[in-house]
file data-v5.json (JSON, C-alpha atoms)
[["chain", "number", "residue", "atom", "x", "y", "z"],
["X", 1, "MET", "CA", 66.88, 24.65, 93.58],
["X", 2, "LYS", "CA", 68.19, 23.42, 96.91],
["X", 3, "ILE", "CA", 65.59, 22.27, 99.42],
["X", 4, "THR", "CA", 66.74, 23.26, 102.87],
["X", 5, "LYS", "CA", 63.64, 22.32, 104.84],
["X", 6, "VAL", "CA", 60.93, 19.76, 104.17],
["X", 7, "TYR", "CA", 58.31, 21.21, 106.50],
["X", 8, "THR", "CA", 57.56, 24.89, 107.03],
["X", 9, "ARG", "CA", 54.35, 24.76, 109.09],
["X", 10, "THR", "CA", 52.96, 27.58, 106.92],
["X", 11, "GLY", "CA", 50.27, 25.30, 105.47],
["X", 12, "ASP", "CA", 48.99, 23.91, 108.75],
["X", 13, "LYS", "CA", 45.82, 26.00, 108.60],
["X", 14, "GLY", "CA", 44.81, 25.14, 105.03],
["X", 15, "MET", "CA", 46.67, 27.90, 103.20],
["X", 16, "THR", "CA", 49.59, 27.71, 100.79],
["X", 17, "SER", "CA", 51.74, 30.12, 98.80],
["X", 18, "LEU", "CA", 51.73, 30.56, 95.05],
["X", 19, "VAL", "CA", 54.74, 31.62, 93.03],
["X", 20, "GLY", "CA", 55.41, 35.18, 94.18],
["X", 21, "GLY", "CA", 54.13, 34.60, 97.71],
["X", 22, "VAL", "CA", 50.39, 35.13, 97.22],
["X", 23, "ARG", "CA", 48.52, 33.00, 99.81],
["X", 24, "ILE", "CA", 45.44, 30.96, 98.85],
["X", 25, "GLN", "CA", 43.25, 28.27, 100.37],
["X", 26, "LYS", "CA", 44.37, 24.72, 99.61],
["X", 27, "SER", "CA", 40.84, 24.09, 98.31],
["X", 28, "ASN", "CA", 41.28, 26.69, 95.55],
["X", 29, "VAL", "CA", 40.80, 25.48, 91.96],
["X", 30, "ARG", "CA", 44.27, 26.81, 91.13],
["X", 31, "LEU", "CA", 45.84, 24.47, 93.66],
["X", 32, "GLU", "CA", 43.62, 21.63, 92.47],
["X", 33, "SER", "CA", 44.89, 22.29, 88.93],
["X", 34, "TYR", "CA", 48.59, 22.13, 89.63],
["X", 35, "GLY", "CA", 48.12, 19.47, 92.31],
["X", 36, "THR", "CA", 46.49, 17.23, 89.72],
["X", 37, "ILE", "CA", 49.39, 17.90, 87.35],
["X", 38, "ASP", "CA", 51.72, 16.82, 90.17],
["X", 39, "GLU", "CA", 49.64, 13.66, 90.64],
["X", 40, "LEU", "CA", 49.88, 13.00, 86.90],
["X", 41, "SER", "CA", 53.65, 13.40, 87.02],
["X", 42, "SER", "CA", 53.83, 10.86, 89.86],
["X", 43, "HIS", "CA", 51.75, 8.38, 87.86],
["X", 44, "LEU", "CA", 54.02, 9.02, 84.88],
["X", 45, "GLY", "CA", 57.02, 8.23, 87.09],
["X", 46, "LEU", "CA", 55.45, 4.86, 87.89],
["X", 47, "LEU", "CA", 54.78, 4.30, 84.19],
["X", 48, "ALA", "CA", 58.40, 5.16, 83.35],
["X", 49, "ALA", "CA", 59.58, 2.60, 85.91],
["X", 50, "MET", "CA", 57.47, -0.05, 84.14],
["X", 51, "LEU", "CA", 58.60, 0.73, 80.60],
["X", 52, "THR", "CA", 61.17, -1.48, 78.93],
["X", 53, "ASN", "CA", 61.49, 0.66, 75.78],
["X", 54, "ASP", "CA", 64.14, 3.36, 76.34],
["X", 55, "GLU", "CA", 62.59, 5.77, 73.82],
["X", 56, "ASP", "CA", 59.20, 5.55, 75.51],
["X", 57, "ARG", "CA", 60.79, 6.02, 78.94],
["X", 58, "GLN", "CA", 62.72, 9.08, 77.74],
["X", 59, "MET", "CA", 59.53, 10.52, 76.24],
["X", 60, "VAL", "CA", 57.65, 10.05, 79.53],
["X", 61, "GLN", "CA", 60.48, 11.78, 81.39],
["X", 62, "ARG", "CA", 60.42, 14.62, 78.84],
["X", 63, "ILE", "CA", 56.70, 15.00, 79.57],
["X", 64, "GLN", "CA", 57.40, 15.08, 83.31],
["X", 65, "ASN", "CA", 59.84, 17.95, 82.71],
["X", 66, "ASP", "CA", 57.21, 19.77, 80.65],
["X", 67, "LEU", "CA", 54.70, 19.28, 83.45],
["X", 68, "PHE", "CA", 57.00, 21.23, 85.80],
["X", 69, "MET", "CA", 56.58, 24.20, 83.46],
["X", 70, "VAL", "CA", 52.82, 23.62, 83.36],
["X", 71, "SER", "CA", 52.69, 23.49, 87.17],
["X", 72, "THR", "CA", 54.73, 26.67, 87.55],
["X", 73, "HIS", "CA", 52.42, 28.42, 85.09],
["X", 74, "LEU", "CA", 49.35, 27.27, 87.03],
["X", 75, "ALA", "CA", 50.92, 28.20, 90.38],
["X", 76, "THR", "CA", 51.42, 31.78, 89.23],
["X", 77, "ASP", "CA", 48.55, 34.23, 89.63],
["X", 78, "GLN", "CA", 49.47, 36.39, 86.66],
["X", 79, "SER", "CA", 47.20, 39.20, 87.87],
["X", 80, "GLN", "CA", 49.65, 39.66, 90.76],
["X", 81, "THR", "CA", 52.94, 38.03, 89.72],
["X", 82, "GLN", "CA", 54.78, 37.97, 86.41],
["X", 83, "LEU", "CA", 55.22, 34.49, 84.94],
["X", 84, "TYR", "CA", 58.81, 33.24, 85.10],
["X", 85, "PRO", "CA", 60.32, 32.86, 81.63],
["X", 86, "SER", "CA", 61.21, 29.27, 82.61],
["X", 87, "ALA", "CA", 57.49, 28.55, 83.04],
["X", 88, "GLN", "CA", 56.76, 29.35, 79.39],
["X", 89, "LEU", "CA", 55.91, 26.05, 77.74],
["X", 90, "PRO", "CA", 57.20, 26.18, 74.17],
["X", 91, "VAL", "CA", 54.50, 25.59, 71.55],
["X", 92, "SER", "CA", 57.01, 23.23, 69.94],
["X", 93, "GLU", "CA", 56.29, 20.76, 72.77],
["X", 94, "ILE", "CA", 52.65, 20.54, 71.61],
["X", 95, "GLU", "CA", 53.85, 19.96, 68.06],
["X", 96, "TYR", "CA", 56.27, 17.31, 69.30],
["X", 97, "LEU", "CA", 53.45, 15.46, 71.08],
["X", 98, "GLU", "CA", 51.44, 15.55, 67.86],
["X", 99, "GLN", "CA", 54.40, 14.13, 65.92],
["X", 100, "GLN", "CA", 54.75, 11.34, 68.49],
["X", 101, "ILE", "CA", 51.02, 10.55, 68.30],
["X", 102, "ASP", "CA", 51.16, 10.38, 64.50],
["X", 103, "ALA", "CA", 54.27, 8.16, 64.59],
["X", 104, "ILE", "CA", 52.66, 5.72, 67.02],
["X", 105, "LYS", "CA", 49.41, 5.60, 65.03],
["X", 106, "GLU", "CA", 51.42, 4.56, 61.96],
["X", 107, "LEU", "CA", 52.63, 1.47, 63.86],
["X", 108, "LEU", "CA", 49.23, 0.33, 65.09],
["X", 109, "PRO", "CA", 46.48, -1.61, 63.36],
["X", 110, "GLU", "CA", 43.24, 0.20, 62.60],
["X", 111, "PRO", "CA", 41.01, 0.63, 65.65],
["X", 112, "GLN", "CA", 38.23, -1.94, 65.89],
["X", 113, "GLY", "CA", 35.98, -0.14, 68.38],
["X", 114, "PHE", "CA", 35.99, 1.27, 71.87],
["X", 115, "ILE", "CA", 38.50, -0.41, 74.14],
["X", 116, "LEU", "CA", 38.43, -1.05, 77.86],
["X", 117, "PRO", "CA", 41.43, 0.47, 79.65],
["X", 118, "GLY", "CA", 43.86, -2.26, 80.59],
["X", 119, "GLY", "CA", 46.07, -4.84, 78.96],
["X", 120, "CYS", "CA", 49.55, -5.38, 80.30],
["X", 121, "GLN", "CA", 50.55, -3.58, 83.48],
["X", 122, "ALA", "CA", 52.41, -0.70, 81.77],
["X", 123, "ALA", "CA", 49.54, -0.08, 79.32],
["X", 124, "ALA", "CA", 47.04, -0.09, 82.18],
["X", 125, "GLN", "CA", 49.20, 2.48, 83.97],
["X", 126, "ALA", "CA", 49.30, 4.60, 80.81],
["X", 127, "HIS", "CA", 45.48, 4.57, 80.88],
["X", 128, "VAL", "CA", 45.54, 5.69, 84.54],
["X", 129, "CYS", "CA", 47.85, 8.54, 83.47],
["X", 130, "ARG", "CA", 45.43, 9.41, 80.66],
["X", 131, "THR", "CA", 42.46, 9.66, 83.00],
["X", 132, "VAL", "CA", 44.38, 11.74, 85.56],
["X", 133, "CYS", "CA", 45.45, 13.97, 82.66],
["X", 134, "ARG", "CA", 41.79, 14.42, 81.66],
["X", 135, "ARG", "CA", 40.92, 15.39, 85.23],
["X", 136, "ALA", "CA", 43.78, 17.90, 85.23],
["X", 137, "GLU", "CA", 42.42, 19.33, 82.01],
["X", 138, "ARG", "CA", 38.96, 19.79, 83.57],
["X", 139, "CYS", "CA", 40.54, 21.59, 86.55],
["X", 140, "ILE", "CA", 42.57, 23.84, 84.25],
["X", 141, "VAL", "CA", 39.49, 24.72, 82.20],
["X", 142, "ALA", "CA", 37.68, 25.64, 85.43],
["X", 143, "LEU", "CA", 40.64, 27.79, 86.50],
["X", 144, "ALA", "CA", 40.70, 29.51, 83.10],
["X", 145, "GLU", "CA", 37.14, 30.72, 83.73],
["X", 146, "THR", "CA", 38.44, 33.09, 86.42],
["X", 147, "ALA", "CA", 42.19, 33.43, 85.85],
["X", 148, "VAL", "CA", 44.78, 33.82, 83.13],
["X", 149, "VAL", "CA", 45.85, 30.44, 81.75],
["X", 150, "GLY", "CA", 47.88, 30.39, 78.58],
["X", 151, "PRO", "CA", 46.18, 28.61, 75.68],
["X", 152, "GLU", "CA", 49.31, 26.52, 75.18],
["X", 153, "ILE", "CA", 48.78, 25.00, 78.63],
["X", 154, "MET", "CA", 45.29, 23.76, 77.79],
["X", 155, "GLN", "CA", 46.42, 22.58, 74.34],
["X", 156, "TYR", "CA", 49.37, 20.69, 75.80],
["X", 157, "VAL", "CA", 47.33, 18.89, 78.45],
["X", 158, "ASN", "CA", 44.61, 18.04, 75.92],
["X", 159, "ARG", "CA", 47.17, 16.64, 73.49],
["X", 160, "LEU", "CA", 48.96, 14.80, 76.29],
["X", 161, "SER", "CA", 45.89, 12.70, 77.07],
["X", 162, "ASP", "CA", 45.73, 11.74, 73.38],
["X", 163, "TYR", "CA", 49.40, 10.76, 73.48],
["X", 164, "LEU", "CA", 48.86, 8.63, 76.59],
["X", 165, "PHE", "CA", 45.97, 6.85, 74.86],
["X", 166, "VAL", "CA", 48.06, 5.86, 71.84],
["X", 167, "LEU", "CA", 51.02, 5.04, 74.08],
["X", 168, "ALA", "CA", 48.85, 2.54, 75.99],
["X", 169, "LYS", "CA", 47.80, 0.98, 72.68],
["X", 170, "LYS", "CA", 51.44, 0.83, 71.53],
["X", 171, "ILE", "CA", 52.58, -0.81, 74.76],
["X", 172, "ASN", "CA", 49.92, -3.49, 74.46],
["X", 173, "PHE", "CA", 50.70, -4.01, 70.77],
["X", 174, "ASN", "CA", 54.45, -4.32, 71.39],
["X", 175, "ASN", "CA", 53.82, -6.81, 74.18],
["X", 176, "GLY", "CA", 51.46, -8.93, 72.07],
["X", 177, "VAL", "CA", 48.53, -8.17, 74.38],
["X", 178, "ASP", "CA", 45.15, -7.93, 72.72],
["X", 179, "GLU", "CA", 43.00, -5.03, 73.81],
["X", 180, "ILE", "CA", 39.61, -5.82, 75.21],
["X", 181, "LEU", "CA", 36.86, -4.29, 73.12],
["X", 182, "TRP", "CA", 33.83, -2.80, 74.80],
["X", 183, "GLN", "CA", 30.83, -5.07, 74.55],
["X", 184, "ASN", "CA", 27.67, -3.05, 74.22],
["X", 185, "ALA", "CA", 25.70, -3.65, 77.42],
["X", 186, "CYS", "CA", 22.42, -3.26, 75.50],
["X", 187, "ARG", "CA", 22.76, -6.61, 73.71]]
call {"tool": "encode", "arguments": {"input": "data-v5.json", "output": "structure tokens"}}
result
Amino acid sequence: MKITKVYTRTGDKGMTSLVGGVRIQKSNVRLESYGTIDELSSHLGLLAAMLTNDEDRQMVQRIQNDLFMVSTHLATDQSQTQLYPSAQLPVSEIEYLEQQIDAIKELLPEPQGFILPGGCQAAAQAHVCRTVCRRAERCIVALAETAVVGPEIMQYVNRLSDYLFVLAKKINFNNGVDEILWQNACR
């Protein structure tokens, strides 16, 4: 898609267009849903820039591509506009995330308790991505209360936060950085 103009002035009064031209308030939960996915993709771009492992970087970029499909799905009010075939997230992407999670878990030592998000810079960024992903999931669940949202979208975003959690652990492990375990404040 060629971008011919950066500004259109059509959103100056707090409205924006969905796929198909339907206009909604920028405060709408639908916009919050796909806006949070966009924010997640930006955080993933920062994470990708920090990663030294090519396979991990390629996986993060694959996820960013998937998130474009998720965003298009969320930006389409299916009660008024047919979903583009290109916005159909294949269920195989959920299965692929699960395979990646299982493969990473095989590499890691057994968990010793709750961990504090952090570690090396890239792992800390993976945790930021995880928490933004969880917020996106909450927005999508809220949207699904009043609009059509494919179950694969909610499954993918839920699984993605799990992937980002184990990715953060893997990054710390590969960099020889010990995770900080939560110390019960009720000692």
call {"tool": "atom_distance", "arguments": {"input": "data-v5.json", "atom1": "CA of Asp56 (chain X)", "atom2": "CA of Val141 (chain X)"}}
result
28.3 Å
call {"tool": "atom_distance", "arguments": {"input": "data-v5.json", "atom1": "CA of Ala147 (chain X)", "atom2": "CA of Asp77 (chain X)"}}
result
7.4 Å
call {"tool": "residues_around", "arguments": {"input": "data-v5.json", "residues": "region 35-46 of chain X", "least_positions_apart": "6", "cutoff": "9 Å", "atoms": "only C-alpha atoms", "output": "list in words"}}
result
Val60, Gln61, Ile63, Gln64, Asn65, Leu67, Phe68, Val70, Ser71, Ala122, Gln125, Ala126, Val128, Cys129, Arg130, Val132, Cys133, Arg135, Ala136, Glu137 and Cys139 of chain X
call {"tool": "atom_distance", "arguments": {"input": "data-v5.json", "atom1": "CA of Gln121 (chain X)", "atom2": "CA of Leu181 (chain X)"}}
result
17.2 Å
call {"tool": "closest_residue", "arguments": {"input": "data-v5.json", "among": "X:Val157, X:Ala124, X:Met59, X:Val148", "to": "Val177 (chain X)", "atoms": "all atoms listed in the file"}}
result
X:Ala124
